[in-house]
$ cat structure_3.cif   # mmCIF, C-alpha atoms
data_run
loop_
_atom_site.label_atom_id
_atom_site.label_comp_id
_atom_site.auth_asym_id
_atom_site.auth_seq_id
_atom_site.Cartn_x
_atom_site.Cartn_y
_atom_site.Cartn_z
CA MET S 188 129.12 113.26 49.92
CA GLN S 189 126.49 113.70 52.56
CA SER S 190 125.25 110.19 51.95
CA PHE S 191 128.71 108.75 52.47
CA ILE S 192 128.93 110.48 55.80
CA GLY S 193 125.47 109.18 56.61
CA GLY S 194 126.46 105.59 55.84
CA SER S 195 129.63 105.81 57.85
CA ILE S 196 127.86 107.41 60.79
CA ARG S 197 125.55 104.48 60.91
CA LEU S 198 128.56 102.20 61.01
CA GLY S 199 129.84 104.26 63.88
CA GLN S 200 126.55 103.67 65.64
CA ARG S 201 126.82 99.95 65.19
CA HIS S 202 130.22 99.78 66.78
CA GLY S 203 129.58 102.39 69.38
CA PHE S 204 131.91 105.06 70.55
CA TYR S 205 134.84 102.93 71.64
CA SER S 206 138.45 103.93 72.08
CA TRP S 207 139.42 106.78 69.85
CA SER S 208 142.91 105.95 68.68
CA GLY S 209 144.92 109.06 68.23
CA ALA S 210 147.05 107.65 65.47
CA HIS S 211 144.07 107.01 63.26
CA PHE S 212 142.44 110.35 63.20
CA LYS S 213 145.55 112.23 62.25
CA ALA S 214 145.72 110.23 59.06
CA ASN S 215 142.04 110.57 58.49
CA ARG S 216 141.70 114.22 59.27
CA ALA S 217 143.27 115.10 55.96
CA TYR S 218 141.02 112.53 54.33
CA LEU S 219 138.06 114.08 56.07
CA ALA S 220 139.06 117.59 55.15
CA THR S 221 139.18 116.75 51.49
CA ASN S 222 135.87 114.98 51.63
CA ASN S 223 133.91 117.35 53.75
CA SER S 224 131.60 119.91 52.36
CA SER S 225 132.44 123.54 52.61
CA SER S 226 130.08 124.05 55.53
CA LEU S 227 132.14 121.77 57.75
CA ILE S 228 135.41 123.46 56.87
CA HIS S 229 133.75 126.70 57.71
CA GLY S 230 132.84 125.19 61.02
CA SER S 231 136.43 124.39 61.92
CA ASN S 232 137.35 128.02 61.53
CA ASN S 233 134.73 129.17 63.98
CA SER S 234 134.54 128.43 67.69
CA ILE S 235 134.21 124.92 68.98
CA ASN S 236 130.58 125.01 70.01
CA SER S 237 129.29 126.55 66.89
CA SER S 238 131.13 124.03 64.75
CA ARG S 239 129.64 121.19 66.77
CA ASN S 240 126.16 122.56 66.39
CA HIS S 241 126.74 123.09 62.72
CA LEU S 242 127.83 119.50 62.33
CA LEU S 243 124.80 118.33 64.21
CA GLN S 244 122.53 120.46 62.13
CA SER S 245 123.97 119.19 58.91
CA LEU S 246 123.69 115.63 60.11
CA GLY S 247 120.35 116.17 61.75
CA THR S 248 118.61 117.35 58.63
CA ARG S 249 119.77 114.30 56.78
CA LEU S 250 119.27 111.59 59.33
CA GLY S 251 116.69 112.91 61.72
CA SER S 252 116.84 113.69 65.39
CA GLN S 253 118.01 110.21 66.31
CA THR S 254 121.59 110.82 65.37
CA LYS S 255 121.63 114.15 67.14
CA GLU S 256 120.62 112.48 70.37
CA LEU S 257 123.23 109.83 69.84
CA MET S 258 125.95 112.28 69.10
CA LEU S 259 125.17 114.50 72.02
CA PRO S 260 126.00 111.95 74.71
CA GLY S 261 129.21 111.15 72.87
CA CYS S 262 130.05 114.82 72.70
CA SER S 263 129.21 115.70 76.25
CA GLY S 264 130.57 112.55 77.81
CA GLY S 265 133.94 113.72 78.89
CA CYS S 266 135.60 114.66 75.62
CA SER S 267 136.74 118.18 75.22
CA MET S 268 137.90 117.73 71.64
CA PRO S 269 136.46 119.98 69.02
CA GLY S 270 133.54 118.73 67.03
CA LEU S 271 135.48 118.07 63.91
CA SER S 272 137.86 115.67 65.58
CA GLN S 273 134.92 113.76 67.01
CA LEU S 274 133.63 113.19 63.56
CA ALA S 275 137.13 112.28 62.51
CA ALA S 276 137.43 109.80 65.34
CA MET S 277 134.11 108.28 64.44
CA MET S 278 135.25 107.98 60.90
CA SER S 279 138.44 106.37 62.17
CA THR S 280 136.54 103.74 64.15
CA CYS S 281 134.38 102.88 61.22
CA SER S 282 137.20 102.80 58.80
CA SER S 283 139.37 100.68 61.12
CA ARG S 284 136.64 98.04 61.52
CA SER S 285 135.21 97.88 58.07
CA MET S 286 132.19 95.73 57.62
CA THR S 287 131.22 94.26 54.31
CA THR S 288 128.02 96.26 54.31
CA ALA S 289 130.00 99.48 54.13
CA ALA S 290 131.49 98.52 50.75
CA SER S 291 128.77 100.32 48.85
CA PRO S 292 127.80 103.27 50.98
CA THR S 293 125.21 104.97 48.84
CA PRO S 294 122.75 102.08 48.41
CA ASP S 295 123.43 100.91 52.00
CA SER S 296 122.32 104.17 53.56
CA SER S 297 119.03 104.22 51.70
CA GLN S 298 118.29 100.63 52.78
CA SER S 299 119.31 101.05 56.37
CA VAL S 300 117.05 104.02 56.90
CA THR S 301 114.04 101.84 56.21
CA ASP S 302 115.21 98.48 57.69
CA VAL S 303 117.03 99.02 60.98
CA PRO S 304 114.80 100.03 63.92
CA PRO S 305 116.10 102.89 66.05
CA ARG S 306 118.98 101.54 68.03
CA ILE S 307 118.74 102.17 71.73
CA LYS S 308 121.89 103.60 73.20
CA PHE S 309 122.69 103.64 76.89
CA LYS S 310 124.58 106.40 78.54
CA ARG S 311 126.33 104.25 81.12
CA LEU S 312 128.15 101.38 79.51
CA ASP S 313 128.69 99.52 82.75
CA LYS S 314 124.96 99.46 83.41
CA THR S 315 124.09 98.28 79.94
CA ALA S 316 123.21 94.73 80.97
CA LYS S 317 120.84 95.96 83.64
CA HIS S 318 119.15 98.32 81.22
CA ILE S 319 118.76 95.62 78.61
CA LEU S 320 117.20 93.28 81.14
CA GLN S 321 114.83 96.02 82.23
CA ILE S 322 113.67 96.44 78.66
CA LEU S 323 113.25 92.69 78.19
CA ASP S 324 111.22 92.50 81.36
CA LYS S 325 108.92 95.26 80.23
CA GLU S 326 108.42 93.55 76.91
CA ALA S 327 107.53 90.29 78.62
CA VAL S 328 105.01 92.08 80.82
CA GLU S 329 103.44 93.74 77.82
CA GLU S 330 103.16 90.40 76.07
CA VAL S 331 101.26 88.87 78.96
CA LYS S 332 99.07 91.93 79.33
CA ALA S 333 98.13 91.82 75.69
CA GLN S 334 97.20 88.18 76.00
CA ARG S 335 94.76 88.40 78.89
CA GLU S 336 93.17 91.16 80.79
CA ILE S 337 94.77 91.75 84.19
CA PRO S 338 93.14 94.43 86.27
CA ASP S 339 94.99 96.76 88.57
CA ILE S 340 95.27 95.14 91.97
CA LYS S 341 95.97 97.43 94.88
CA PRO S 342 96.14 96.57 98.56
CA GLY S 343 92.74 96.80 100.11
CA ASN S 344 90.82 95.38 97.20
CA ILE S 345 88.70 92.35 97.70
CA VAL S 346 89.47 90.09 94.81
CA GLN S 347 88.14 86.85 93.44
CA LEU S 348 90.52 84.62 91.54
CA ARG S 349 89.99 81.60 89.43
CA VAL S 350 93.16 79.59 89.75
CA GLU S 351 94.18 76.39 88.10
CA VAL S 352 96.03 74.42 90.73
CA PRO S 353 98.55 71.98 89.27
CA GLU S 354 98.51 69.84 92.38
CA ASN S 355 94.79 69.41 92.24
CA LYS S 356 94.98 67.75 88.87
CA ARG S 357 94.18 70.92 86.92
CA ARG S 358 90.88 71.75 88.49
CA VAL S 359 89.94 75.41 88.59
CA SER S 360 89.22 76.69 92.08
CA THR S 361 87.86 80.06 93.06
CA ILE S 362 89.70 81.96 95.72
CA LYS S 363 88.27 85.06 97.29
CA GLY S 364 90.18 87.27 99.64
CA ILE S 365 91.59 90.66 100.43
CA VAL S 366 94.85 91.84 98.93
CA ILE S 367 97.19 92.73 101.74
CA ALA S 368 100.39 93.35 99.83
CA ARG S 369 101.66 93.87 96.36
CA ARG S 370 105.28 93.64 95.35
CA ASN S 371 106.28 95.12 92.01
CA ALA S 372 109.12 93.33 90.28
CA GLY S 373 108.35 93.41 86.58
CA LEU S 374 107.22 90.04 85.39
CA ASN S 375 107.49 88.62 88.89
CA THR S 376 105.02 91.03 90.42
CA THR S 377 103.36 89.17 93.27
CA PHE S 378 100.43 89.91 95.49
CA ARG S 379 99.33 88.39 98.77
CA LEU S 380 95.78 87.40 99.39
CA ARG S 381 94.39 86.77 102.82
CA ARG S 382 91.22 84.80 103.37
CA MET S 383 89.42 82.83 106.00
CA VAL S 384 89.01 79.20 105.11
CA ALA S 385 86.86 77.13 107.44
CA GLY S 386 87.77 79.21 110.45
CA VAL S 387 91.50 79.39 109.77
CA GLY S 388 93.26 82.31 108.17
CA VAL S 389 95.18 81.48 105.03
CA GLU S 390 97.53 83.75 103.17
CA SER S 391 98.59 82.94 99.65
CA LEU S 392 101.10 84.64 97.46
CA PHE S 393 100.52 84.57 93.71
CA PRO S 394 102.57 85.87 90.83
CA LEU S 395 100.35 88.37 89.05
CA TYR S 396 101.28 87.28 85.54
CA SER S 397 101.12 83.58 86.24
CA PRO S 398 99.42 81.56 83.52
CA ASN S 399 97.69 79.52 86.20
CA ILE S 400 95.54 82.45 87.19
CA LYS S 401 92.68 82.24 84.80
CA GLU S 402 90.63 85.22 85.89
CA ILE S 403 90.90 88.04 88.36
CA LYS S 404 87.86 90.00 89.37
CA VAL S 405 87.92 92.93 91.73
CA LEU S 406 84.81 92.78 93.87
CA ASP S 407 85.23 95.65 96.26
CA LYS S 408 87.70 98.30 97.28
CA LYS S 409 88.49 99.28 100.82
CA THR S 410 90.16 102.57 101.53
CA VAL S 411 93.42 101.85 103.30
CA ARG S 412 96.18 104.17 104.22
CA ARG S 413 99.16 101.93 103.66
CA ALA S 414 100.67 99.61 101.12
CA LYS S 415 101.10 96.51 103.24
CA LEU S 416 98.21 95.55 105.44
CA TYR S 417 99.96 93.12 107.72
CA TYR S 418 98.06 94.51 110.70
CA LEU S 419 95.09 92.47 109.50
CA ARG S 420 96.83 89.35 110.72
CA ASP S 421 96.21 90.37 114.31
CA LYS S 422 92.71 91.53 113.65
CA MET S 423 90.30 88.69 113.22
CA ASN S 424 88.63 89.19 109.85
CA ALA S 425 85.04 88.49 110.61
CA LEU S 426 83.08 86.15 108.40
CA ARG S 427 85.25 86.12 105.31
CA MET J 10 104.79 106.57 113.58
CA ALA J 11 105.38 106.60 117.31
CA ALA J 12 107.36 103.38 117.03
CA SER J 13 109.67 104.75 114.36
CA PHE J 14 110.19 107.95 116.35
CA ALA J 15 110.91 105.93 119.43
CA SER J 16 113.34 103.69 117.58
CA LYS J 17 115.15 106.74 116.19
CA CYS J 18 115.31 108.22 119.68
CA SER J 19 116.59 105.00 121.14
CA ARG J 20 119.36 104.86 118.55
CA VAL J 21 120.43 108.37 119.41
CA GLY J 22 119.96 107.80 123.12
CA ARG J 23 122.08 104.68 123.16
CA SER J 24 124.96 106.48 121.59
CA LEU J 25 124.78 109.64 123.68
CA LEU J 26 123.38 109.13 127.14
CA GLY J 27 123.00 105.89 129.03
CA GLY J 28 120.53 107.13 131.60
CA LEU J 29 118.28 108.84 129.14
CA GLY J 30 118.50 105.79 126.86
CA ASN J 31 116.93 103.59 129.51
CA ASN J 32 113.81 105.70 129.58
CA LEU J 33 113.57 105.78 125.80
CA SER J 34 114.10 102.03 125.43
CA GLY J 35 111.28 101.50 127.90
CA LEU J 36 109.10 103.72 125.80
CA GLN J 37 110.14 101.86 122.67
CA SER J 38 109.30 98.42 124.02
CA ALA J 39 105.88 99.63 125.12
CA SER J 40 105.12 101.15 121.76
CA ASN J 41 106.43 98.09 119.92
CA GLU J 42 103.89 95.94 121.67
CA VAL J 43 101.15 98.26 120.54
CA VAL J 44 102.27 98.87 116.94
CA GLY J 45 103.83 95.70 115.55
CA ASN J 46 104.50 96.90 112.02
CA ASN J 47 108.28 97.37 111.79
CA VAL J 48 110.56 94.84 110.20
CA TRP J 49 111.99 94.12 113.63
CA SER J 50 108.67 93.04 115.04
CA GLN J 51 107.49 91.06 112.00
CA GLN J 52 107.85 87.45 112.88
CA GLN J 53 109.98 85.33 110.63
CA ARG J 54 108.22 82.02 110.68
CA THR J 55 110.47 78.99 110.70
CA PHE J 56 110.26 75.25 110.82
CA ILE J 57 108.50 72.99 113.24
CA GLN J 58 111.21 71.62 115.47
CA MET J 59 111.70 70.08 118.87
CA ARG J 60 109.53 71.67 121.56
CA THR J 61 107.07 73.15 119.09
CA VAL J 62 103.55 72.83 120.39
CA LEU J 63 101.01 72.05 117.73
CA LYS J 64 97.28 71.89 117.67
CA VAL J 65 95.61 68.58 116.88
CA VAL J 66 92.79 68.85 114.39
CA ASP J 67 91.28 65.42 114.36
CA ASN J 68 89.08 63.54 116.75
CA SER J 69 91.71 61.18 118.05
CA GLY J 70 91.40 62.59 121.56
CA ALA J 71 94.53 64.68 121.86
CA LYS J 72 94.35 68.44 121.97
CA LYS J 73 97.95 69.60 121.97
CA VAL J 74 101.13 67.79 121.14
CA MET J 75 104.73 68.82 121.42
CA CYS J 76 107.09 67.87 118.64
CA ILE J 77 110.07 65.82 119.71
CA GLN J 78 111.54 65.03 116.35
CA ALA J 79 111.06 66.08 112.76
CA LEU J 80 111.50 62.93 110.74
CA LYS J 81 112.80 64.58 107.62
CA GLY J 82 114.86 67.69 107.35
CA LYS J 83 117.80 68.89 109.37
CA LYS J 84 116.25 72.16 110.40
CA GLY J 85 112.77 70.97 111.08
CA ALA J 86 109.49 69.92 109.61
CA ARG J 87 107.46 71.89 107.12
CA LEU J 88 103.99 71.67 105.72
CA GLY J 89 103.20 68.09 104.81
CA ASP J 90 106.01 66.44 106.74
CA THR J 91 105.71 63.81 109.46
CA ILE J 92 106.85 64.42 113.02
CA VAL J 93 107.17 62.45 116.21
CA ALA J 94 105.32 64.13 119.02
CA SER J 95 104.37 63.68 122.62
CA VAL J 96 100.80 64.33 123.68
CA LYS J 97 100.67 67.18 126.15
CA GLU J 98 96.96 67.70 126.48
CA ALA J 99 94.19 65.26 125.74
CA MET J 100 90.47 64.83 126.08
CA PRO J 101 89.45 62.58 128.94
CA ASN J 102 88.18 59.71 126.85
CA GLY J 103 89.96 59.42 123.58
CA LYS J 104 92.09 57.02 121.63
CA VAL J 105 95.31 58.63 122.86
CA LYS J 106 96.25 59.60 126.35
CA LYS J 107 98.51 62.26 127.75
CA GLY J 108 102.18 61.38 127.58
CA LYS J 109 101.90 59.04 124.63
CA VAL J 110 104.42 59.29 121.83
CA VAL J 111 102.67 59.52 118.49
CA TYR J 112 103.40 60.32 114.88
CA GLY J 113 101.73 63.22 113.20
CA VAL J 114 101.42 64.85 109.80
CA VAL J 115 101.70 68.61 109.71
CA VAL J 116 98.63 69.94 107.94
CA ARG J 117 98.92 73.63 108.72
CA ALA J 118 102.09 75.54 109.26
CA ALA J 119 102.73 79.20 109.88
CA MET J 120 105.79 79.02 107.67
CA GLN J 121 105.09 79.57 104.01
CA ARG J 122 105.49 76.67 101.66
CA GLY J 123 106.31 77.31 98.04
CA ARG J 124 104.42 75.54 95.32
CA CYS J 125 105.69 74.52 91.95
CA ASP J 126 103.83 77.30 90.13
CA GLY J 127 105.51 80.06 92.11
CA SER J 128 102.72 80.64 94.57
CA GLU J 129 103.12 80.27 98.31
CA VAL J 130 100.70 79.36 101.01
CA LYS J 131 100.82 80.03 104.73
CA PHE J 132 98.36 79.37 107.50
CA ASP J 133 97.75 81.20 110.71
CA ASP J 134 98.59 78.37 113.06
CA ASN J 135 100.45 75.08 113.32
CA ALA J 136 98.29 72.00 113.24
CA VAL J 137 98.85 68.29 113.03
CA VAL J 138 96.85 65.16 112.34
CA LEU J 139 97.88 62.10 114.33
CA VAL J 140 98.78 59.07 112.30
CA ASP J 141 100.14 55.66 113.02
CA LYS J 142 103.42 54.22 111.84
CA GLN J 143 101.96 53.31 108.46
CA GLY J 144 100.60 56.79 107.83
CA GLN J 145 96.92 56.07 108.35
CA PRO J 146 95.16 58.64 110.50
CA ILE J 147 94.08 57.55 113.96
CA GLY J 148 91.02 59.76 114.05
CA THR J 149 88.02 59.64 111.78
CA ARG J 150 87.45 63.32 111.15
CA VAL J 151 89.71 66.22 110.23
CA PHE J 152 88.77 69.80 111.02
CA GLY J 153 89.79 72.88 109.13
CA PRO J 154 91.50 73.24 105.76
CA VAL J 155 94.35 71.08 104.53
CA PRO J 156 96.76 71.99 101.77
CA HIS J 157 97.33 70.36 98.42
CA GLU J 158 100.80 69.32 99.45
CA LEU J 159 99.45 66.23 101.16
CA ARG J 160 98.61 64.70 97.84
CA ASN J 161 102.24 64.53 96.85
CA LYS J 162 103.15 63.03 100.19
CA LYS J 163 100.58 60.29 99.63
CA HIS J 164 98.35 61.24 102.57
CA VAL J 165 95.28 60.74 100.49
CA LYS J 166 93.20 59.49 103.41
CA ILE J 167 93.58 62.78 105.25
CA LEU J 168 92.62 64.67 102.12
CA THR J 169 89.44 62.68 101.73
CA LEU J 170 88.51 63.24 105.38
CA ALA J 171 89.09 66.97 105.17
CA LYS J 172 86.18 69.24 104.44
CA HIS J 173 88.19 71.92 102.71
CA ILE J 174 91.37 71.77 100.72
CA ALA J 175 93.21 75.07 100.76
#

$ encode --input "structure_3.cif" --output "structure tokens"
Amino acid sequence: MQSFIGGSIRLGQRHGFYSWSGAHFKANRAYLATNNSSSLIHGSNNSINSSRNHLLQSLGTRLGSQTKELMLPGCSGGCSMPGLSQLAAMMSTCSSRSMTTAASPTPDSSQSVTDVPPRIKFKRLDKTAKHILQILDKEAVEEVKAQREIPDIKPGNIVQLRVEVPENKRRVSTIKGIVIARRNAGLNTTFRLRRMVAGVGVESLFPLYSPNIKEIKVLDKKTVRRAKLYYLRDKMNALR
Amino acid sequence: MAASFASKCSRVGRSLLGGLGNNLSGLQSASNEVVGNNVWSQQQRTFIQMRTVLKVVDNSGAKKVMCIQALKGKKGARLGDTIVASVKEAMPNGKVKKGKVVYGVVVRAAMQRGRCDGSEVKFDDNAVVLVDKQGQPIGTRVFGPVPHELRNKKHVKILTLAKHIA
């Protein structure tokens, strides 16, 4: 009985808390009432909050804290229905869109606990795309960081780079300069380097996670009191 | 700090009192000259266009030229482009004289130029190397750094003459 609820809850997770059709849950409430354990029926007799907590407890012990967190946003997000009807509505959504995997609930629930990684749920559905992209970006950054060692570059450091310049027919050149700015944008984090080349000041902007940058070495750190050191453009950097 | 305070004051002053605003705007302009860190005083570098004075970095004899036409580009020339220029200042005995109309290749530009790998490069000044109609440099030496962009534009001669490639 508990396992059936567990399997169907997971189905509810897959589809998400979409529109809760009123017509469905009336039909299913009776279905639910017959199926539920005595603890849930007890819960309907008590006050709303206690029944909700009871539901959560009964689900939480079986499925872990993940479901509790998932249910809580659904509960608190603007629905003032009692806890039982929420469960009924969830059951209605899963029963209305039946997947083939829900045909055999008991073996499915035992498999899905081990296979499916914890599904990330977003509170604001209209910002879901932005959140997903944020996560993808972070993953990409972690991938690059795992591949090669990129030190922390802050403005004011004097840094030596070994860059592979594609225009120079793939010859590695060393560039030494002071970091005057750093712009954080996930994978596209860039930093500006200022150096004196043959008497002329040159500023170059590099993406931090670019594969062309073979090595970054921090030589020295200057204490500066701001994040962007554009005032150095007016000051003549002596001898570097 | 003083500049931001002054800018805030000027905003308020302009809306409330005209007379008082004059004093504050005077204060603001003075402090802006001293502290040039706001977005409003950061220069947005643009193209090399008509009337742009450029430095000449070869030994052709000219010292300063003024651009009269950017040969490619509607808005102006960028790093690596060719321009038509008029010599404004020249050394007394050199291959070019003042007032001559010459072609030049921009080797340093204050406007940033993006590279294909996502990096950008920008120099501190605008500089040009005088060339003839065929693209061969008039002078025999080039001073200062030159960028990699010249290789794509087939100005290989200038690259070989340069001491440093940025």

$ resolve_selection --input "structure_3.cif" --expression "the PyMOL selection byres ((chain J) within 10 of (chain S))" --output "ChimeraX atom specification"
/J:44-46,51,117,119,121-134,152-161,172-175

$ write_last_selection --input "structure_3.cif" --atoms "C-alpha atoms" --output "short mmCIF file (atom, residue, chain, number, x, y, z; two decimals), keeping the file's coordinate frame"
data_model
loop_
_atom_site.label_atom_id
_atom_site.label_comp_id
_atom_site.auth_asym_id
_atom_site.auth_seq_id
_atom_site.Cartn_x
_atom_site.Cartn_y
_atom_site.Cartn_z
CA VAL J 44 102.27 98.87 116.94
CA GLY J 45 103.83 95.70 115.55
CA ASN J 46 104.50 96.90 112.02
CA GLN J 51 107.49 91.06 112.00
CA ARG J 117 98.92 73.63 108.72
CA ALA J 119 102.73 79.20 109.88
CA GLN J 121 105.09 79.57 104.01
CA ARG J 122 105.49 76.67 101.66
CA GLY J 123 106.31 77.31 98.04
CA ARG J 124 104.42 75.54 95.32
CA CYS J 125 105.69 74.52 91.95
CA ASP J 126 103.83 77.30 90.13
CA GLY J 127 105.51 80.06 92.11
CA SER J 128 102.72 80.64 94.57
CA GLU J 129 103.12 80.27 98.31
CA VAL J 130 100.70 79.36 101.01
CA LYS J 131 100.82 80.03 104.73
CA PHE J 132 98.36 79.37 107.50
CA ASP J 133 97.75 81.20 110.71
CA ASP J 134 98.59 78.37 113.06
CA PHE J 152 88.77 69.80 111.02
CA GLY J 153 89.79 72.88 109.13
CA PRO J 154 91.50 73.24 105.76
CA VAL J 155 94.35 71.08 104.53
CA PRO J 156 96.76 71.99 101.77
CA HIS J 157 97.33 70.36 98.42
CA GLU J 158 100.80 69.32 99.45
CA LEU J 159 99.45 66.23 101.16
CA ARG J 160 98.61 64.70 97.84
CA ASN J 161 102.24 64.53 96.85
CA LYS J 172 86.18 69.24 104.44
CA HIS J 173 88.19 71.92 102.71
CA ILE J 174 91.37 71.77 100.72
CA ALA J 175 93.21 75.07 100.76
#

$ atom_distance --input "structure_3.cif" --atom1 "atom CA of Glu402 of chain S" --atom2 "atom CA of Ala414 of chain S"
23.2 Å

$ axis_aligned_box --input "structure_3.cif" --around "segment 398-403 of chain S" --padding-each-side "3 Å" --output "lines of an AutoDock Vina configuration file"
center_x = 95.0
center_y = 83.8
center_z = 85.9
size_x = 14.8
size_y = 14.5
size_z = 10.8

$ residues_around --input "structure_3.cif" --residues "segment 331-337 of chain S" --least-positions-apart "4" --cutoff "7 Å" --atoms "only C-alpha atoms" --output "list in words"
Ala327, Tyr396 and Ile403 of chain S

$ residues_around --input "structure_3.cif" --residues "Ile345 of chain S" --least-positions-apart "5" --cutoff "10 Å" --atoms "only C-alpha atoms" --output "ChimeraX atom specification"
/S:340,363-367,380-382,404-409

$ atom_distance --input "structure_3.cif" --atom1 "atom CA of Ile307 of chain S" --atom2 "atom CA of Asn371 of chain S"
24.8 Å

$ atom_distance --input "structure_3.cif" --atom1 "atom CA of Ala372 of chain S" --atom2 "atom CA of Leu320 of chain S"
12.2 Å

$ residues_around --input "structure_3.cif" --residues "Val65 of chain J" --least-positions-apart "5" --cutoff "10 Å" --atoms "all atoms listed in the file" --output "list in words"
Gly70, Ala71, Lys72, Lys73, Val74, Val96, Glu98, Ala99, Gly113, Val114, Val115, Val116, Asn135, Ala136, Val137, Val138, Leu139, Val151 and Phe152 of chain J

$ resolve_selection --input "structure_3.cif" --expression "the PyMOL selection byres ((chain J and resi 146) around 12)" --output "ChimeraX atom specification"
/J:65-69,91,104,111-115,137-145,147-151,164-171

$ decode --input "structure_3.cif" --residues "segment 337-343 of chain S" --atoms "all heavy atoms" --output "PDB file, in the first residue's frame"
ATOM      1  N   ILE S 337      43.620  26.117 -12.681  1.00  0.00           N
ATOM      2  CA  ILE S 337      43.480  27.542 -12.950  1.00  0.00           C
ATOM      3  C   ILE S 337      43.503  28.258 -11.619  1.00  0.00           C
ATOM      4  O   ILE S 337      42.582  28.103 -10.820  1.00  0.00           O
ATOM      5  CB  ILE S 337      42.167  27.825 -13.699  1.00  0.00           C
ATOM      6  CG1 ILE S 337      42.213  27.162 -15.067  1.00  0.00           C
ATOM      7  CG2 ILE S 337      41.955  29.309 -13.868  1.00  0.00           C
ATOM      8  CD1 ILE S 337      40.894  27.124 -15.751  1.00  0.00           C
ATOM      9  N   PRO S 338      44.529  29.042 -11.356  1.00  0.00           N
ATOM     10  CA  PRO S 338      44.573  29.710 -10.064  1.00  0.00           C
ATOM     11  C   PRO S 338      43.580  30.857  -9.984  1.00  0.00           C
ATOM     12  O   PRO S 338      42.991  31.256 -10.985  1.00  0.00           O
ATOM     13  CB  PRO S 338      46.005  30.237 -10.003  1.00  0.00           C
ATOM     14  CG  PRO S 338      46.393  30.414 -11.415  1.00  0.00           C
ATOM     15  CD  PRO S 338      45.682  29.350 -12.190  1.00  0.00           C
ATOM     16  N   ASP S 339      43.410  31.350  -8.784  1.00  0.00           N
ATOM     17  CA  ASP S 339      42.481  32.445  -8.557  1.00  0.00           C
ATOM     18  C   ASP S 339      43.147  33.744  -8.963  1.00  0.00           C
ATOM     19  O   ASP S 339      44.178  34.117  -8.425  1.00  0.00           O
ATOM     20  CB  ASP S 339      42.098  32.463  -7.074  1.00  0.00           C
ATOM     21  CG  ASP S 339      40.995  33.459  -6.820  1.00  0.00           C
ATOM     22  OD1 ASP S 339      40.131  33.602  -7.707  1.00  0.00           O
ATOM     23  OD2 ASP S 339      40.995  34.083  -5.767  1.00  0.00           O
ATOM     24  N   ILE S 340      42.565  34.413  -9.931  1.00  0.00           N
ATOM     25  CA  ILE S 340      43.153  35.658 -10.430  1.00  0.00           C
ATOM     26  C   ILE S 340      42.337  36.810  -9.917  1.00  0.00           C
ATOM     27  O   ILE S 340      41.139  36.902 -10.197  1.00  0.00           O
ATOM     28  CB  ILE S 340      43.150  35.662 -11.962  1.00  0.00           C
ATOM     29  CG1 ILE S 340      44.023  34.541 -12.473  1.00  0.00           C
ATOM     30  CG2 ILE S 340      43.662  36.968 -12.487  1.00  0.00           C
ATOM     31  CD1 ILE S 340      44.193  34.541 -13.943  1.00  0.00           C
ATOM     32  N   LYS S 341      42.959  37.698  -9.172  1.00  0.00           N
ATOM     33  CA  LYS S 341      42.262  38.864  -8.656  1.00  0.00           C
ATOM     34  C   LYS S 341      42.924  40.102  -9.211  1.00  0.00           C
ATOM     35  O   LYS S 341      44.086  40.081  -9.574  1.00  0.00           O
ATOM     36  CB  LYS S 341      42.349  38.864  -7.131  1.00  0.00           C
ATOM     37  CG  LYS S 341      41.461  37.796  -6.576  1.00  0.00           C
ATOM     38  CD  LYS S 341      41.320  37.725  -5.097  1.00  0.00           C
ATOM     39  CE  LYS S 341      42.169  38.583  -4.264  1.00  0.00           C
ATOM     40  NZ  LYS S 341      41.923  38.305  -2.872  1.00  0.00           N
ATOM     41  N   PRO S 342      42.209  41.201  -9.299  1.00  0.00           N
ATOM     42  CA  PRO S 342      42.855  42.418  -9.799  1.00  0.00           C
ATOM     43  C   PRO S 342      43.966  42.850  -8.873  1.00  0.00           C
ATOM     44  O   PRO S 342      43.825  42.862  -7.666  1.00  0.00           O
ATOM     45  CB  PRO S 342      41.719  43.443  -9.824  1.00  0.00           C
ATOM     46  CG  PRO S 342      40.631  42.867  -9.040  1.00  0.00           C
ATOM     47  CD  PRO S 342      40.787  41.397  -9.064  1.00  0.00           C
ATOM     48  N   GLY S 343      45.073  43.208  -9.476  1.00  0.00           N
ATOM     49  CA  GLY S 343      46.239  43.588  -8.694  1.00  0.00           C
ATOM     50  C   GLY S 343      47.321  42.544  -8.712  1.00  0.00           C
ATOM     51  O   GLY S 343      48.436  42.803  -8.300  1.00  0.00           O
TER      52      GLY S 343
END
